[in-house]
>>> print(open('target-v2.pdb').read())   # PDB, C-alpha atoms, pLDDT in the B column
ATOM      1  CA  MET A  15       9.546  -5.044  36.199  1.00 49.00           C
ATOM      2  CA  THR A  16       6.688  -3.812  38.345  1.00 54.00           C
ATOM      3  CA  ALA A  17       3.126  -3.565  37.090  1.00 55.00           C
ATOM      4  CA  ARG A  18       3.360   0.203  37.616  1.00 57.00           C
ATOM      5  CA  LEU A  19       6.296   0.577  35.212  1.00 54.00           C
ATOM      6  CA  LEU A  20       4.808  -1.518  32.405  1.00 48.00           C
ATOM      7  CA  PRO A  21       2.217   1.057  31.214  1.00 52.00           C
ATOM      8  CA  ILE A  22       4.933   3.728  31.216  1.00 41.00           C
ATOM      9  CA  LEU A  23       7.191   1.558  29.046  1.00 42.00           C
ATOM     10  CA  VAL A  24       4.343   0.821  26.617  1.00 41.00           C
ATOM     11  CA  PHE A  25       3.570   4.550  26.416  1.00 41.00           C
ATOM     12  CA  LEU A  26       7.204   5.415  25.663  1.00 40.00           C
ATOM     13  CA  VAL A  27       7.524   2.740  22.965  1.00 41.00           C
ATOM     14  CA  ALA A  28       4.273   3.837  21.298  1.00 48.00           C
ATOM     15  CA  ASN A  29       5.343   7.463  21.304  1.00 48.00           C
ATOM     16  CA  CYS A  30       8.760   6.564  19.915  1.00 50.00           C
ATOM     17  CA  ALA A  31       7.110   4.641  17.054  1.00 53.00           C
ATOM     18  CA  TRP A  32       4.797   7.589  16.360  1.00 53.00           C
ATOM     19  CA  ALA A  33       7.757   9.982  16.339  1.00 60.00           C
ATOM     20  CA  ASN A  34       9.629   7.732  13.912  1.00 82.00           C
ATOM     21  CA  GLU A  35       6.601   7.540  11.632  1.00 87.00           C
ATOM     22  CA  ALA A  36       6.121  11.312  11.699  1.00 88.00           C
ATOM     23  CA  HIS A  37       9.796  11.883  10.907  1.00 88.00           C
ATOM     24  CA  ILE A  38       9.763   9.333   8.060  1.00 91.00           C
ATOM     25  CA  ARG A  39       6.625  10.851   6.583  1.00 91.00           C
ATOM     26  CA  LYS A  40       8.061  14.380   6.720  1.00 90.00           C
ATOM     27  CA  ALA A  41      11.347  13.312   5.164  1.00 91.00           C
ATOM     28  CA  LEU A  42      10.063  11.042   2.408  1.00 90.00           C
ATOM     29  CA  GLU A  43       6.654  12.305   1.323  1.00 89.00           C
ATOM     30  CA  PRO A  44       8.108  15.190  -0.736  1.00 90.00           C
ATOM     31  CA  LYS A  45      10.268  12.656  -2.590  1.00 88.00           C
ATOM     32  CA  LEU A  46       7.879   9.734  -3.008  1.00 89.00           C
ATOM     33  CA  GLY A  47       4.391  11.172  -3.249  1.00 88.00           C
ATOM     34  CA  THR A  48       1.458  10.351  -0.973  1.00 90.00           C
ATOM     35  CA  ILE A  49       2.502   7.963   1.787  1.00 89.00           C
ATOM     36  CA  GLU A  50      -0.357   5.569   2.479  1.00 87.00           C
ATOM     37  CA  GLU A  51       1.156   3.461   5.266  1.00 86.00           C
ATOM     38  CA  ILE A  52       4.243   3.240   7.468  1.00 89.00           C
ATOM     39  CA  LYS A  53       4.792   0.156   9.615  1.00 87.00           C
ATOM     40  CA  PRO A  54       7.653  -1.910  11.051  1.00 88.00           C
ATOM     41  CA  ALA A  55       9.246  -4.097   8.366  1.00 87.00           C
ATOM     42  CA  PRO A  56       9.768  -7.861   8.697  1.00 85.00           C
ATOM     43  CA  VAL A  57      13.459  -7.054   9.384  1.00 87.00           C
ATOM     44  CA  ARG A  58      14.138  -5.472  12.767  1.00 88.00           C
ATOM     45  CA  GLY A  59      15.161  -1.821  12.625  1.00 89.00           C
ATOM     46  CA  LEU A  60      13.536  -1.116   9.266  1.00 90.00           C
ATOM     47  CA  TYR A  61      10.221   0.470   8.382  1.00 92.00           C
ATOM     48  CA  GLU A  62       8.064  -0.444   5.413  1.00 89.00           C
ATOM     49  CA  VAL A  63       6.696   2.572   3.544  1.00 90.00           C
ATOM     50  CA  ARG A  64       3.870   2.166   1.059  1.00 85.00           C
ATOM     51  CA  TYR A  65       3.288   5.164  -1.174  1.00 87.00           C
ATOM     52  CA  ARG A  66       1.439   6.309  -4.255  1.00 82.00           C
ATOM     53  CA  SER A  67       2.750   8.649  -6.928  1.00 81.00           C
ATOM     54  CA  PRO A  68       1.383   9.702 -10.329  1.00 79.00           C
ATOM     55  CA  GLN A  69       3.303   6.724 -11.754  1.00 74.00           C
ATOM     56  CA  GLY A  70       1.563   4.244  -9.437  1.00 73.00           C
ATOM     57  CA  GLY A  71       2.055   2.616  -6.049  1.00 75.00           C
ATOM     58  CA  GLY A  72       5.237   1.269  -4.546  1.00 84.00           C
ATOM     59  CA  VAL A  73       7.013  -0.004  -1.446  1.00 88.00           C
ATOM     60  CA  ILE A  74      10.391   0.999  -0.034  1.00 87.00           C
ATOM     61  CA  TYR A  75      12.191   0.383   3.256  1.00 92.00           C
ATOM     62  CA  THR A  76      13.966   2.908   5.430  1.00 91.00           C
ATOM     63  CA  ASP A  77      15.549   3.273   8.850  1.00 90.00           C
ATOM     64  CA  ALA A  78      13.991   5.157  11.774  1.00 89.00           C
ATOM     65  CA  THR A  79      15.707   8.407  10.758  1.00 89.00           C
ATOM     66  CA  ALA A  80      14.903   8.083   7.044  1.00 90.00           C
ATOM     67  CA  THR A  81      18.537   8.662   6.117  1.00 91.00           C
ATOM     68  CA  HIS A  82      18.632   5.650   3.805  1.00 92.00           C
ATOM     69  CA  ILE A  83      16.143   4.103   1.387  1.00 91.00           C
ATOM     70  CA  ILE A  84      16.202   0.440   0.415  1.00 90.00           C
ATOM     71  CA  ALA A  85      14.343  -0.471  -2.777  1.00 89.00           C
ATOM     72  CA  GLY A  86      13.452  -4.091  -3.451  1.00 86.00           C
ATOM     73  CA  LYS A  87      11.654  -7.030  -1.888  1.00 87.00           C
ATOM     74  CA  ILE A  88      12.307  -8.961   1.324  1.00 88.00           C
ATOM     75  CA  TYR A  89      12.265 -12.748   1.109  1.00 87.00           C
ATOM     76  CA  GLU A  90      12.267 -15.212   3.980  1.00 82.00           C
ATOM     77  CA  THR A  91      15.263 -17.519   3.568  1.00 85.00           C
ATOM     78  CA  ARG A  92      13.691 -20.621   5.102  1.00 77.00           C
ATOM     79  CA  THR A  93      10.508 -20.647   3.029  1.00 74.00           C
ATOM     80  CA  GLY A  94      11.354 -18.422   0.083  1.00 77.00           C
ATOM     81  CA  ARG A  95       8.209 -16.375   0.763  1.00 76.00           C
ATOM     82  CA  ASN A  96       8.023 -12.870  -0.653  1.00 82.00           C
ATOM     83  CA  LEU A  97       7.285 -10.892   2.522  1.00 83.00           C
ATOM     84  CA  THR A  98       7.041  -7.532   0.747  1.00 81.00           C
ATOM     85  CA  ASP A  99       4.016  -8.529  -1.301  1.00 81.00           C
ATOM     86  CA  ALA A 100       2.394 -10.709   1.365  1.00 78.00           C
ATOM     87  CA  ILE A 101      -0.700  -9.477   3.168  1.00 83.00           C
ATOM     88  CA  LYS A 102      -2.906 -10.590   6.029  1.00 88.00           C
ATOM     89  CA  PHE A 103      -5.503 -12.683   4.240  1.00 91.00           C
ATOM     90  CA  GLU A 104      -8.021 -11.825   6.949  1.00 92.00           C
ATOM     91  CA  SER A 105      -7.719  -8.154   5.997  1.00 93.00           C
ATOM     92  CA  LEU A 106      -9.285  -8.760   2.587  1.00 96.00           C
ATOM     93  CA  PRO A 107     -12.971  -7.729   2.397  1.00 97.00           C
ATOM     94  CA  LEU A 108     -14.216 -11.192   1.497  1.00 97.00           C
ATOM     95  CA  ASP A 109     -17.826 -10.033   1.790  1.00 97.00           C
ATOM     96  CA  LEU A 110     -17.228  -7.963  -1.363  1.00 98.00           C
ATOM     97  CA  ALA A 111     -16.057 -10.966  -3.376  1.00 98.00           C
ATOM     98  CA  VAL A 112     -17.987 -13.343  -5.587  1.00 98.00           C
ATOM     99  CA  LYS A 113     -17.687 -16.686  -3.793  1.00 98.00           C
ATOM    100  CA  VAL A 114     -17.216 -19.788  -5.945  1.00 97.00           C
ATOM    101  CA  GLN A 115     -17.120 -23.041  -3.981  1.00 97.00           C
ATOM    102  CA  ARG A 116     -16.413 -26.561  -5.176  1.00 95.00           C
ATOM    103  CA  GLY A 117     -16.621 -29.608  -2.933  1.00 94.00           C
ATOM    104  CA  ASN A 118     -16.071 -28.923   0.759  1.00 94.00           C
ATOM    105  CA  GLY A 119     -14.237 -25.666  -0.004  1.00 92.00           C
ATOM    106  CA  LYS A 120     -11.473 -26.318   2.531  1.00 92.00           C
ATOM    107  CA  ARG A 121      -8.705 -24.916   0.311  1.00 93.00           C
ATOM    108  CA  VAL A 122      -8.997 -21.152  -0.014  1.00 95.00           C
ATOM    109  CA  LEU A 123      -7.849 -18.697  -2.648  1.00 96.00           C
ATOM    110  CA  ALA A 124      -8.598 -15.037  -3.370  1.00 97.00           C
ATOM    111  CA  MET A 125      -8.201 -13.650  -6.864  1.00 97.00           C
ATOM    112  CA  PHE A 126      -8.311 -10.257  -8.547  1.00 98.00           C
ATOM    113  CA  SER A 127      -9.621 -11.003 -12.013  1.00 97.00           C
ATOM    114  CA  ASP A 128     -10.891  -9.190 -15.086  1.00 97.00           C
ATOM    115  CA  PRO A 129     -13.529 -11.126 -17.061  1.00 96.00           C
ATOM    116  CA  TYR A 130     -11.964  -9.952 -20.326  1.00 95.00           C
ATOM    117  CA  CYS A 131      -8.365 -10.777 -19.412  1.00 94.00           C
ATOM    118  CA  PRO A 132      -7.184 -13.698 -21.630  1.00 94.00           C
ATOM    119  CA  ALA A 133      -4.844 -15.004 -18.905  1.00 95.00           C
ATOM    120  CA  CYS A 134      -7.703 -14.876 -16.404  1.00 96.00           C
ATOM    121  CA  ARG A 135      -9.990 -16.819 -18.698  1.00 96.00           C
ATOM    122  CA  ASN A 136      -7.285 -19.455 -19.195  1.00 95.00           C
ATOM    123  CA  PHE A 137      -6.788 -19.690 -15.439  1.00 96.00           C
ATOM    124  CA  GLU A 138     -10.509 -20.227 -14.933  1.00 97.00           C
ATOM    125  CA  ARG A 139     -10.098 -23.490 -16.842  1.00 95.00           C
ATOM    126  CA  VAL A 140      -7.405 -24.514 -14.342  1.00 96.00           C
ATOM    127  CA  LEU A 141      -9.619 -23.564 -11.413  1.00 96.00           C
ATOM    128  CA  ALA A 142     -12.422 -25.702 -12.861  1.00 95.00           C
ATOM    129  CA  GLN A 143     -10.167 -28.722 -12.313  1.00 94.00           C
ATOM    130  CA  MET A 144      -9.720 -28.020  -8.590  1.00 94.00           C
ATOM    131  CA  ASP A 145     -11.912 -29.790  -6.061  1.00 92.00           C
ATOM    132  CA  ASP A 146     -12.556 -28.854  -2.427  1.00 93.00           C
ATOM    133  CA  ILE A 147     -11.767 -25.202  -3.029  1.00 95.00           C
ATOM    134  CA  THR A 148     -13.304 -21.827  -2.211  1.00 97.00           C
ATOM    135  CA  ILE A 149     -12.392 -18.999  -4.569  1.00 97.00           C
ATOM    136  CA  TYR A 150     -13.087 -15.417  -3.571  1.00 98.00           C
ATOM    137  CA  VAL A 151     -13.199 -13.425  -6.792  1.00 98.00           C
ATOM    138  CA  PHE A 152     -12.543  -9.712  -6.529  1.00 98.00           C
ATOM    139  CA  MET A 153     -13.862  -8.337  -9.804  1.00 98.00           C
ATOM    140  CA  TYR A 154     -11.218  -6.018 -11.229  1.00 97.00           C
ATOM    141  CA  PRO A 155     -12.418  -4.792 -14.641  1.00 96.00           C
ATOM    142  CA  VAL A 156      -9.426  -2.666 -15.657  1.00 94.00           C
ATOM    143  CA  ILE A 157      -8.512  -4.106 -19.048  1.00 92.00           C
ATOM    144  CA  ARG A 158     -11.743  -3.084 -20.760  1.00 91.00           C
ATOM    145  CA  PRO A 159     -13.146  -0.472 -18.364  1.00 92.00           C
ATOM    146  CA  GLU A 160     -15.885   0.345 -20.851  1.00 95.00           C
ATOM    147  CA  ASN A 161     -17.399  -3.017 -19.854  1.00 95.00           C
ATOM    148  CA  ILE A 162     -17.373  -2.335 -16.129  1.00 97.00           C
ATOM    149  CA  ASP A 163     -21.169  -2.637 -16.048  1.00 97.00           C
ATOM    150  CA  HIS A 164     -20.831  -6.333 -16.898  1.00 97.00           C
ATOM    151  CA  SER A 165     -19.073  -6.896 -13.561  1.00 98.00           C
ATOM    152  CA  ARG A 166     -21.647  -4.759 -11.785  1.00 98.00           C
ATOM    153  CA  ALA A 167     -24.393  -6.906 -13.315  1.00 98.00           C
ATOM    154  CA  VAL A 168     -22.687 -10.037 -11.961  1.00 98.00           C
ATOM    155  CA  TRP A 169     -23.039  -8.607  -8.458  1.00 98.00           C
ATOM    156  CA  CYS A 170     -26.677  -7.751  -9.116  1.00 98.00           C
ATOM    157  CA  SER A 171     -27.461 -11.308 -10.297  1.00 98.00           C
ATOM    158  CA  PRO A 172     -29.405 -13.671  -8.022  1.00 97.00           C
ATOM    159  CA  ASP A 173     -26.629 -16.283  -8.400  1.00 98.00           C
ATOM    160  CA  ARG A 174     -23.369 -14.337  -8.488  1.00 98.00           C
ATOM    161  CA  SER A 175     -21.166 -17.392  -8.802  1.00 98.00           C
ATOM    162  CA  LYS A 176     -23.065 -18.673 -11.826  1.00 98.00           C
ATOM    163  CA  ALA A 177     -23.145 -15.221 -13.424  1.00 98.00           C
ATOM    164  CA  TRP A 178     -19.384 -14.767 -12.939  1.00 98.00           C
ATOM    165  CA  LEU A 179     -18.510 -18.160 -14.428  1.00 98.00           C
ATOM    166  CA  GLU A 180     -20.785 -17.583 -17.423  1.00 97.00           C
ATOM    167  CA  LEU A 181     -19.128 -14.203 -18.035  1.00 97.00           C
ATOM    168  CA  ALA A 182     -15.501 -15.019 -17.223  1.00 97.00           C
ATOM    169  CA  ALA A 183     -15.073 -18.758 -17.771  1.00 95.00           C
ATOM    170  CA  ALA A 184     -17.414 -19.784 -20.582  1.00 94.00           C
ATOM    171  CA  PRO A 185     -15.942 -20.256 -24.086  1.00 92.00           C
ATOM    172  CA  ARG A 186     -17.790 -17.077 -25.026  1.00 92.00           C
ATOM    173  CA  PRO A 187     -18.697 -14.462 -22.408  1.00 94.00           C
ATOM    174  CA  LYS A 188     -22.395 -14.591 -21.552  1.00 96.00           C
ATOM    175  CA  LEU A 189     -23.565 -11.235 -20.258  1.00 96.00           C
ATOM    176  CA  PRO A 190     -25.641 -11.281 -17.066  1.00 97.00           C
ATOM    177  CA  GLU A 191     -29.311 -10.577 -17.543  1.00 95.00           C
ATOM    178  CA  ALA A 192     -29.532  -8.581 -14.323  1.00 97.00           C
ATOM    179  CA  PRO A 193     -29.373  -4.792 -14.551  1.00 95.00           C
ATOM    180  CA  ALA A 194     -26.178  -3.153 -13.350  1.00 95.00           C
ATOM    181  CA  SER A 195     -28.056  -0.670 -11.201  1.00 94.00           C
ATOM    182  CA  CYS A 196     -27.961  -2.287  -7.744  1.00 97.00           C
ATOM    183  CA  ALA A 197     -25.557  -1.202  -5.019  1.00 97.00           C
ATOM    184  CA  ASN A 198     -22.307  -2.964  -5.843  1.00 97.00           C
ATOM    185  CA  PRO A 199     -18.647  -2.934  -4.726  1.00 97.00           C
ATOM    186  CA  VAL A 200     -16.926  -2.862  -8.125  1.00 97.00           C
ATOM    187  CA  ASP A 201     -15.547   0.688  -7.871  1.00 97.00           C
ATOM    188  CA  THR A 202     -14.404  -0.045  -4.321  1.00 97.00           C
ATOM    189  CA  LEU A 203     -12.603  -3.179  -5.526  1.00 97.00           C
ATOM    190  CA  VAL A 204     -10.797  -1.262  -8.252  1.00 95.00           C
ATOM    191  CA  GLU A 205      -9.560   1.177  -5.605  1.00 93.00           C
ATOM    192  CA  LEU A 206      -8.566  -1.737  -3.351  1.00 93.00           C
ATOM    193  CA  GLY A 207      -6.570  -3.315  -6.158  1.00 93.00           C
ATOM    194  CA  HIS A 208      -4.714  -0.063  -6.741  1.00 88.00           C
ATOM    195  CA  ARG A 209      -3.892   0.204  -3.023  1.00 86.00           C
ATOM    196  CA  LEU A 210      -2.582  -3.354  -2.973  1.00 88.00           C
ATOM    197  CA  GLY A 211      -0.469  -2.748  -6.051  1.00 85.00           C
ATOM    198  CA  VAL A 212      -2.394  -5.178  -8.262  1.00 90.00           C
ATOM    199  CA  ASN A 213      -0.886  -4.294 -11.617  1.00 87.00           C
ATOM    200  CA  SER A 214      -1.857  -7.375 -13.621  1.00 90.00           C
ATOM    201  CA  THR A 215      -4.515 -10.042 -13.666  1.00 95.00           C
ATOM    202  CA  PRO A 216      -4.972 -12.597 -12.411  1.00 96.00           C
ATOM    203  CA  THR A 217      -3.337 -11.770  -9.078  1.00 96.00           C
ATOM    204  CA  LEU A 218      -3.751 -14.499  -6.479  1.00 97.00           C
ATOM    205  CA  PHE A 219      -3.653 -14.333  -2.681  1.00 96.00           C
ATOM    206  CA  PHE A 220      -3.330 -17.584  -0.759  1.00 95.00           C
ATOM    207  CA  SER A 221      -4.631 -18.086   2.767  1.00 93.00           C
ATOM    208  CA  ASN A 222      -1.153 -17.505   4.253  1.00 91.00           C
ATOM    209  CA  GLY A 223      -1.104 -14.053   2.645  1.00 90.00           C
ATOM    210  CA  GLU A 224       1.307 -15.039  -0.105  1.00 91.00           C
ATOM    211  CA  ARG A 225       0.793 -13.263  -3.429  1.00 92.00           C
ATOM    212  CA  LEU A 226       1.313 -14.645  -6.909  1.00 92.00           C
ATOM    213  CA  THR A 227       0.917 -12.732 -10.143  1.00 90.00           C
ATOM    214  CA  GLY A 228      -0.337 -14.743 -13.068  1.00 88.00           C
ATOM    215  CA  GLY A 229      -1.909 -18.149 -13.147  1.00 86.00           C
ATOM    216  CA  LEU A 230      -0.521 -21.618 -12.474  1.00 91.00           C
ATOM    217  CA  GLY A 231      -0.963 -24.973 -14.099  1.00 94.00           C
ATOM    218  CA  PRO A 232      -3.270 -27.463 -12.357  1.00 94.00           C
ATOM    219  CA  ASP A 233      -0.472 -29.530 -10.774  1.00 95.00           C
ATOM    220  CA  ASP A 234       1.426 -26.495  -9.491  1.00 94.00           C
ATOM    221  CA  LEU A 235      -1.746 -24.868  -8.170  1.00 95.00           C
ATOM    222  CA  ARG A 236      -2.838 -28.038  -6.388  1.00 93.00           C
ATOM    223  CA  GLU A 237       0.617 -28.398  -4.822  1.00 93.00           C
ATOM    224  CA  MET A 238       0.606 -24.758  -3.712  1.00 91.00           C
ATOM    225  CA  LEU A 239      -2.845 -24.998  -2.158  1.00 93.00           C
ATOM    226  CA  ASP A 240      -1.935 -28.189  -0.309  1.00 90.00           C
ATOM    227  CA  ARG A 241       1.340 -26.721   0.966  1.00 88.00           C
ATOM    228  CA  VAL A 242      -0.338 -23.606   2.290  1.00 87.00           C
ATOM    229  CA  ALA A 243      -3.139 -25.611   3.914  1.00 82.00           C
ATOM    230  CA  ALA A 244      -0.663 -27.991   5.580  1.00 81.00           C
ATOM    231  CA  ALA A 245       1.420 -25.114   6.952  1.00 75.00           C
ATOM    232  CA  ARG A 246      -1.612 -23.514   8.592  1.00 66.00           C
ATOM    233  CA  ARG A 247      -2.718 -26.632  10.502  1.00 63.00           C
TER     234      ARG A 247
END
>>> encode(input="target-v2.pdb", output="structure tokens")
Amino acid sequence: MTARLLPILVFLVANCAWANEAHIRKALEPKLGTIEEIKPAPVRGLYEVRYRSPQGGGVIYTDATATHIIAGKIYETRTGRNLTDAIKFESLPLDLAVKVQRGNGKRVLAMFSDPYCPACRNFERVLAQMDDITIYVFMYPVIRPENIDHSRAVWCSPDRSKAWLELAAAPRPKLPEAPASCANPVDTLVELGHRLGVNSTPTLFFSNGERLTGGLGPDDLREMLDRVAAARR
């Protein structure tokens, strides 16, 4: 293939992909609701369609002509990973998270958590047993939205990590003393959680992009963190 033909081929492929996306959007949006993203699926020949309807968000798969819809999740046989729910960890806005670090922080975890979620509070006790870990907490106050200002006040605190742990991990929630009036990302994080389909808390994202809903026991969490870290070396 000559260097002159390569740009032409790239142009044709890009335009074909755009045409497929446009056709899929036109065919499926009236049936699904607002289509937020269309991209090639992990399986060749399929497209992943992420949409939002009045009932919530969802993911389906379709072919290039949108003549068939496949509902369900795609798993990788070799590893058992759920590829439908996986994300690119690097795409998460980590600068909007409360960062809790223990030890050298080499093991990494992101978490959508509500400070008044009983399962989240239980999981905080598990996290307290982990060493050499960095936890990026995306505050997701959806269970008791009337207390959303408590999460905002965490962000406005001089020590966000300390304020979060006192609110979300202490035997009794200790409200931050800081006012909730500073510029904060809490509303943005609630929208992000909706876009990612975070329907329960805690929802965990590991550094390989793998998602897990609900907490883990200390042994299982430690094993998971070590497995993910080893695979990324």
>>> closest_residue(input="target-v2.pdb", among="A:Val204, A:Val122, A:Cys170, A:Leu179", to="Asp240 of chain A", atoms="only C-alpha atoms")
A:Val122
>>> resolve_selection(input="target-v2.pdb", expression="the PyMOL selection byres ((chain A and resi 123) around 12)", output="PyMOL selection string")
chain A and resi 103-104+106+108+111-116+119-122+124-126+141+144+146-152+216-226+235-236+238-240+242-243
>>> residues_near_point(input="target-v2.pdb", point="(8.7, 2.7, 7.7)", cutoff="6 Å", atoms="all atoms listed in the file", output="number ranges by chain")
A: 52-54, 61-63, 76
>>> residues_around(input="target-v2.pdb", residues="Tyr130 of chain A", least_positions_apart="6", cutoff="7 Å", atoms="only C-alpha atoms", output="list in words")
Ile157, Arg158 and Ala182 of chain A
>>> atom_distance(input="target-v2.pdb", atom1="atom CA of Pro155 of chain A", atom2="atom CA of Gly71 of chain A")
18.4 Å
>>> residues_around(input="target-v2.pdb", residues="segment 184-187 of chain A", least_positions_apart="2", cutoff="10 Å", atoms="all atoms listed in the file", output="PyMOL selection string")
chain A and resi 129-130+135-136+138-139+178-182+189-190
>>> atom_distance(input="target-v2.pdb", atom1="atom CA of Arg66 of chain A", atom2="atom CA of Leu110 of chain A")
23.7 Å
>>> resolve_selection(input="target-v2.pdb", expression="the PyMOL selection byres ((chain A and resi 55) around 12)", output="ChimeraX atom specification")
/A:51-54,56-64,73-78,84,87-89,97-100
>>> atom_distance(input="target-v2.pdb", atom1="atom CA of Tyr65 of chain A", atom2="atom CA of Leu46 of chain A")
6.7 Å
>>> resolve_selection(input="target-v2.pdb", expression="the PyMOL selection byres ((chain A and resi 133) around 8)", output="list of chain:residue names")
A:Cys131, A:Pro132, A:Cys134, A:Arg135, A:Asn136, A:Phe137, A:Thr215, A:Pro216, A:Gly228, A:Gly229
>>> residues_near_point(input="target-v2.pdb", point="(-21.8, -4.6, -13.3)", cutoff="8 Å", atoms="all atoms listed in the file", output="PDB file with C-alpha atoms, keeping the file's coordinate frame")
ATOM      1  CA  ILE A 162     -17.373  -2.335 -16.129  1.00 97.00           C
ATOM      2  CA  ASP A 163     -21.169  -2.637 -16.048  1.00 97.00           C
ATOM      3  CA  HIS A 164     -20.831  -6.333 -16.898  1.00 97.00           C
ATOM      4  CA  SER A 165     -19.073  -6.896 -13.561  1.00 98.00           C
ATOM      5  CA  ARG A 166     -21.647  -4.759 -11.785  1.00 98.00           C
ATOM      6  CA  ALA A 167     -24.393  -6.906 -13.315  1.00 98.00           C
ATOM      7  CA  VAL A 168     -22.687 -10.037 -11.961  1.00 98.00           C
ATOM      8  CA  TRP A 169     -23.039  -8.607  -8.458  1.00 98.00           C
ATOM      9  CA  CYS A 170     -26.677  -7.751  -9.116  1.00 98.00           C
ATOM     10  CA  PRO A 193     -29.373  -4.792 -14.551  1.00 95.00           C
ATOM     11  CA  ALA A 194     -26.178  -3.153 -13.350  1.00 95.00           C
ATOM     12  CA  SER A 195     -28.056  -0.670 -11.201  1.00 94.00           C
ATOM     13  CA  ASN A 198     -22.307  -2.964  -5.843  1.00 97.00           C
ATOM     14  CA  VAL A 200     -16.926  -2.862  -8.125  1.00 97.00           C
TER      15      VAL A 200
END
>>> closest_residue(input="target-v2.pdb", among="A:Thr227, A:Asp145, A:Lys188, A:Glu35", to="Asn96 of chain A", atoms="all atoms listed in the file")
A:Thr227
>>> closest_residue(input="target-v2.pdb", among="A:Glu90, A:Leu206, A:Asp233, A:Ala36", to="Val140 of chain A", atoms="all atoms listed in the file")
A:Asp233
>>> decode(input="target-v2.pdb", residues="segment 157-187 of chain A", atoms="C-alpha atoms", output="CSV table (one decimal), in the first residue's frame")
chain,number,residue,atom,x,y,z
A,157,ILE,CA,-30.1,8.0,49.1
A,158,ARG,CA,-30.8,11.1,51.3
A,159,PRO,CA,-30.7,13.9,48.8
A,160,GLU,CA,-31.9,16.3,51.4
A,161,ASN,CA,-28.5,16.0,53.0
A,162,ILE,CA,-26.6,16.8,49.8
A,163,ASP,CA,-25.0,19.9,51.5
A,164,HIS,CA,-23.1,17.5,53.9
A,165,SER,CA,-21.2,16.2,50.9
A,166,ARG,CA,-20.7,19.7,49.6
A,167,ALA,CA,-19.3,20.7,53.0
A,168,VAL,CA,-16.8,17.8,52.8
A,169,TRP,CA,-15.4,19.4,49.6
A,170,CYS,CA,-15.2,22.8,51.2
A,171,SER,CA,-13.3,21.4,54.2
A,172,PRO,CA,-9.5,22.1,54.5
A,173,ASP,CA,-8.9,18.4,54.8
A,174,ARG,CA,-11.4,16.6,52.5
A,175,SER,CA,-10.2,13.1,53.3
A,176,LYS,CA,-10.6,13.6,57.1
A,177,ALA,CA,-14.0,15.3,56.6
A,178,TRP,CA,-15.2,12.4,54.4
A,179,LEU,CA,-14.1,9.7,56.8
A,180,GLU,CA,-15.7,11.5,59.8
A,181,LEU,CA,-19.0,11.8,57.9
A,182,ALA,CA,-19.1,8.5,56.1
A,183,ALA,CA,-16.9,6.1,58.2
A,184,ALA,CA,-17.3,7.1,61.8
A,185,PRO,CA,-19.7,5.1,64.0
A,186,ARG,CA,-21.9,8.2,64.0
A,187,PRO,CA,-21.7,10.7,61.1
